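Remarks on the structure that follows.
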Amino acid sequence: MRIGTQRSFPDLEFSGPAFGNGVRAADIKCARRRKSGKALQSRIALYTGNTYFLWPQLKFSGILRPFSEYEELLSIVAVYDFRPDLPERITNLEVITHETWRIASHKRASATREYIGSVQDIGQLTAGDGEFENAEEFYRYWRSTARDWKKSPEAEKLLRRALEDSD
């Protein structure tokens with residue numbers, strides 16, 4: 001097992017005979033429930049769409065290996081209620097794990113950032129019943145959509161460096 005850093009992808013990496021000798025990635029996410037208890041306060045940011053996800057064959061700084069080298073990509077999501085009136089502040093913690101594509105939506109996580117977003121309905125999230133029928137549909141949709149996303153100067157710099165390093 002390898003552990004990523006605070007600003008890297010993934011948070012955990014598993015490999016070896018117990019995992020079919022392929023490398024698996026696990027990214028840990030936290031999400032606050034709305035007061036209704038039926039939806040997330042906001043969408044979970046699943047992947048940065050305009051760097052390592054869009055260019056899966058490239059090794060970007062901040063990722064442990066090229067995205068395409070992972071046999072399986074998992075999201076471990078901790079869903080919680082925020083209770084500022086209690087000393088512990090966090091209650092009703094539920095941990096949900098699925099292949100990331102299974103909890104994805106057709107929407108970005110934020111209107112201002114280039115992140116692929118999750119479903120917000122907690123029933124869908126728990127069941128792994130996102131908006132895509134299969135992984136191929138998810139990757140096809142988001143890779144074609146993310147091509148048009150803007151890239152920050154930092155993302156452009158990472159892409160240029162990764163392209164240079166791949167030569």
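How things are named: the first chain in the structure tokens is A, the next is B, and so on; residues count from 1 in each chain; ligands count from 1 in the order shown.
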Item to check | All strand (DSSP E) residues (DSSP, backbone) inside chain A, as a ChimeraX atom specification | outcome: /A:2-3,12-14,23-32,45-48,70-82,90-99,104-108,115-118
Item to check | Spatial neighbours of Lys151 of chain A, max dist 10 Å, only C-alpha atoms, sep filter under 3 positions, as a list in words | outcome: Gly49, Asn50, Thr51, Arg113, Glu114, Ala146, Arg147, Asp148, Glu154, Ala155, Glu156, Lys157 and Leu159 of chain A
Surrounding residues of segment 58-63 of chain A excluding itself and chain neighbours under 5 positions, 7 Å, only C-alpha atoms, as a PDB file with all heavy atoms, in the first residue's frame:
```
ATOM      1  N   ARG A   7      -2.316  16.807  -1.260  1.00  0.00           N
ATOM      2  CA  ARG A   7      -2.712  17.355  -2.550  1.00  0.00           C
ATOM      3  C   ARG A   7      -2.375  16.425  -3.696  1.00  0.00           C
ATOM      4  O   ARG A   7      -2.003  16.869  -4.774  1.00  0.00           O
ATOM      5  CB  ARG A   7      -2.025  18.701  -2.771  1.00  0.00           C
ATOM      6  CG  ARG A   7      -2.387  19.763  -1.782  1.00  0.00           C
ATOM      7  CD  ARG A   7      -3.824  20.096  -1.869  1.00  0.00           C
ATOM      8  NE  ARG A   7      -4.009  21.498  -2.201  1.00  0.00           N
ATOM      9  CZ  ARG A   7      -5.160  21.972  -2.584  1.00  0.00           C
ATOM     10  NH1 ARG A   7      -6.176  21.186  -2.748  1.00  0.00           N
ATOM     11  NH2 ARG A   7      -5.303  23.233  -2.824  1.00  0.00           N
ATOM     12  N   SER A   8      -2.500  15.114  -3.492  1.00  0.00           N
ATOM     13  CA  SER A   8      -2.166  14.186  -4.566  1.00  0.00           C
ATOM     14  C   SER A   8      -3.351  13.293  -4.891  1.00  0.00           C
ATOM     15  O   SER A   8      -4.355  13.280  -4.197  1.00  0.00           O
ATOM     16  CB  SER A   8      -0.961  13.328  -4.175  1.00  0.00           C
ATOM     17  OG  SER A   8      -1.309  12.428  -3.145  1.00  0.00           O
ATOM     18  N   PHE A   9      -3.228  12.542  -5.967  1.00  0.00           N
ATOM     19  CA  PHE A   9      -4.198  11.520  -6.333  1.00  0.00           C
ATOM     20  C   PHE A   9      -3.420  10.241  -6.548  1.00  0.00           C
ATOM     21  O   PHE A   9      -2.405  10.254  -7.231  1.00  0.00           O
ATOM     22  CB  PHE A   9      -4.940  11.887  -7.626  1.00  0.00           C
ATOM     23  CG  PHE A   9      -5.868  10.783  -8.066  1.00  0.00           C
ATOM     24  CD1 PHE A   9      -7.148  10.717  -7.552  1.00  0.00           C
ATOM     25  CD2 PHE A   9      -5.448   9.811  -8.943  1.00  0.00           C
ATOM     26  CE1 PHE A   9      -7.997   9.692  -7.926  1.00  0.00           C
ATOM     27  CE2 PHE A   9      -6.285   8.784  -9.320  1.00  0.00           C
ATOM     28  CZ  PHE A   9      -7.567   8.728  -8.810  1.00  0.00           C
ATOM     29  N   PRO A  10      -3.894   9.141  -6.026  1.00  0.00           N
ATOM     30  CA  PRO A  10      -5.014   8.982  -5.093  1.00  0.00           C
ATOM     31  C   PRO A  10      -4.550   9.110  -3.644  1.00  0.00           C
ATOM     32  O   PRO A  10      -3.352   9.242  -3.372  1.00  0.00           O
ATOM     33  CB  PRO A  10      -5.470   7.555  -5.368  1.00  0.00           C
ATOM     34  CG  PRO A  10      -4.199   6.830  -5.713  1.00  0.00           C
ATOM     35  CD  PRO A  10      -3.350   7.849  -6.449  1.00  0.00           C
ATOM     36  N   TYR A  52      -5.072  15.069 -15.235  1.00  0.00           N
ATOM     37  CA  TYR A  52      -4.770  13.639 -15.277  1.00  0.00           C
ATOM     38  C   TYR A  52      -5.936  12.793 -15.793  1.00  0.00           C
ATOM     39  O   TYR A  52      -5.727  11.770 -16.421  1.00  0.00           O
ATOM     40  CB  TYR A  52      -4.282  13.122 -13.926  1.00  0.00           C
ATOM     41  CG  TYR A  52      -5.270  13.252 -12.786  1.00  0.00           C
ATOM     42  CD1 TYR A  52      -6.207  12.269 -12.538  1.00  0.00           C
ATOM     43  CD2 TYR A  52      -5.254  14.361 -11.950  1.00  0.00           C
ATOM     44  CE1 TYR A  52      -7.107  12.389 -11.505  1.00  0.00           C
ATOM     45  CE2 TYR A  52      -6.147  14.478 -10.911  1.00  0.00           C
ATOM     46  CZ  TYR A  52      -7.074  13.490 -10.693  1.00  0.00           C
ATOM     47  OH  TYR A  52      -7.970  13.609  -9.669  1.00  0.00           O
ATOM     48  N   LEU A 158       1.401  22.077 -15.813  1.00  0.00           N
ATOM     49  CA  LEU A 158       1.467  20.638 -15.524  1.00  0.00           C
ATOM     50  C   LEU A 158       1.357  19.814 -16.797  1.00  0.00           C
ATOM     51  O   LEU A 158       2.088  18.839 -16.980  1.00  0.00           O
ATOM     52  CB  LEU A 158       0.345  20.241 -14.553  1.00  0.00           C
ATOM     53  CG  LEU A 158       0.472  20.711 -13.115  1.00  0.00           C
ATOM     54  CD1 LEU A 158      -0.812  20.396 -12.351  1.00  0.00           C
ATOM     55  CD2 LEU A 158       1.660  20.059 -12.446  1.00  0.00           C
ATOM     56  N   ALA A 162       4.170  17.346 -18.253  1.00  0.00           N
ATOM     57  CA  ALA A 162       3.865  15.928 -18.440  1.00  0.00           C
ATOM     58  C   ALA A 162       4.097  15.496 -19.884  1.00  0.00           C
ATOM     59  O   ALA A 162       4.629  14.417 -20.144  1.00  0.00           O
ATOM     60  CB  ALA A 162       2.426  15.637 -18.014  1.00  0.00           C
ATOM     61  N   LEU A 163       3.731  16.353 -20.847  1.00  0.00           N
ATOM     62  CA  LEU A 163       3.970  16.027 -22.255  1.00  0.00           C
ATOM     63  C   LEU A 163       5.468  15.967 -22.547  1.00  0.00           C
ATOM     64  O   LEU A 163       5.920  15.078 -23.261  1.00  0.00           O
ATOM     65  CB  LEU A 163       3.280  17.054 -23.143  1.00  0.00           C
ATOM     66  CG  LEU A 163       1.751  16.938 -23.241  1.00  0.00           C
ATOM     67  CD1 LEU A 163       1.155  18.171 -23.907  1.00  0.00           C
ATOM     68  CD2 LEU A 163       1.345  15.660 -23.960  1.00  0.00           C
ATOM     69  N   SER A 166       6.962  12.770 -21.188  1.00  0.00           N
ATOM     70  CA  SER A 166       6.542  11.540 -21.858  1.00  0.00           C
ATOM     71  C   SER A 166       7.312  11.294 -23.150  1.00  0.00           C
ATOM     72  O   SER A 166       7.241  10.213 -23.719  1.00  0.00           O
ATOM     73  CB  SER A 166       5.035  11.560 -22.153  1.00  0.00           C
ATOM     74  OG  SER A 166       4.734  12.501 -23.158  1.00  0.00           O
TER      75      SER A 166
END
```
Distance table requested - segment 58-79 of chain A against segment 37-42 of chain A, cut-off 12 Å, only C-alpha atoms: one row per qualifying residue with the closest atom pair and its distance in Å to one decimal, ordered by chain and rising residue number, as CSV.
```
residue,atom,partner,partner_atom,distance
A:Val77,CA,A:Leu40,CA,11.3
A:Ala78,CA,A:Leu40,CA,11.1
A:Val79,CA,A:Leu40,CA,8.0
```
Next on the checklist: Please list as a list of chain:residue names every residue within 8 Å of Leu46 of chain A, counting only C-alpha atoms and excluding residues in the same chain fewer than 6 positions away.
Outcome noted: A:Ser75, A:Thr100, A:Ala104, A:Ala109, A:Tyr115, A:Ile116, A:Gly117, A:Ser118
Checklist entry - A:Asp165, A:Asp129, A:Glu99, A:Asp11: which is nearest Lys29 of chain A, counting only C-alpha atoms? => result A:Asp11
Checklist entry - atom CA of Glu133 of chain A and atom CA of Leu64 of chain A are how many Å apart? => result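 According to the coordinates, atom CA of Glu133 of chain A and atom CA of Leu64 of chain A are separated by 28.4 Å.
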Item to check | Pick from A:Pro56, A:Pro84, A:Pro153, A:Gly123 nearest to Tyr139 of chain A, counting only C-alpha atoms | outcome: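 Of the candidates, the smallest distance to Tyr139 of chain A is held by A:Pro56.
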Item to check | segment 28-106 of chain A: residues DSSP assigns to helix (DSSP H, G or I), reported as a PyMOL selection string | outcome: chain A and resi 67-69+100-103
Dump as a short mmCIF file (atom, residue, chain, number, x, y, z; two decimals), in the first residue's frame, selection limited to N, CA and C atoms:
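Result written to result-v2.cif:
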```
data_model
loop_
_atom_site.label_atom_id
_atom_site.label_comp_id
_atom_site.auth_asym_id
_atom_site.auth_seq_id
_atom_site.Cartn_x
_atom_site.Cartn_y
_atom_site.Cartn_z
N PHE A 67 -2.94 7.91 -14.68
CA PHE A 67 -4.31 7.50 -14.37
C PHE A 67 -4.67 6.16 -15.03
N SER A 68 -4.22 5.95 -16.27
CA SER A 68 -4.57 4.74 -17.01
C SER A 68 -3.95 3.47 -16.45
N GLU A 69 -2.99 3.58 -15.55
CA GLU A 69 -2.34 2.39 -14.99
C GLU A 69 -3.14 1.74 -13.86
N THR A 100 -15.63 4.78 -8.71
CA THR A 100 -15.97 6.20 -8.84
C THR A 100 -17.01 6.47 -9.91
N TRP A 101 -16.93 5.83 -11.05
CA TRP A 101 -17.88 6.10 -12.12
C TRP A 101 -19.32 5.80 -11.68
N ARG A 102 -19.50 4.88 -10.72
CA ARG A 102 -20.84 4.48 -10.27
C ARG A 102 -21.57 5.56 -9.48
N ILE A 103 -20.85 6.57 -9.00
CA ILE A 103 -21.51 7.64 -8.24
C ILE A 103 -21.44 8.98 -8.98
#
```
Item to check | Pick from A:Gln124, A:Val23, A:Glu164, A:Arg32 nearest to Arg89 of chain A, counting only C-alpha atoms | outcome: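 Smallest distance to Arg89 of chain A is found for A:Arg32.
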Next on the checklist: Counting only C-alpha atoms, which residue out of A:His106, A:Arg65, A:Lys35, A:Arg43 sits closest to Asn92 of chain A?
Outcome noted: A:Lys35
Next on the checklist: Nearest residue to Leu54 of chain A out of A:Arg140, A:Arg33, A:Arg83, A:Arg24, using only C-alpha atoms?
Outcome noted: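 Among the listed residues, A:Arg140 lies closest to Leu54 of chain A.
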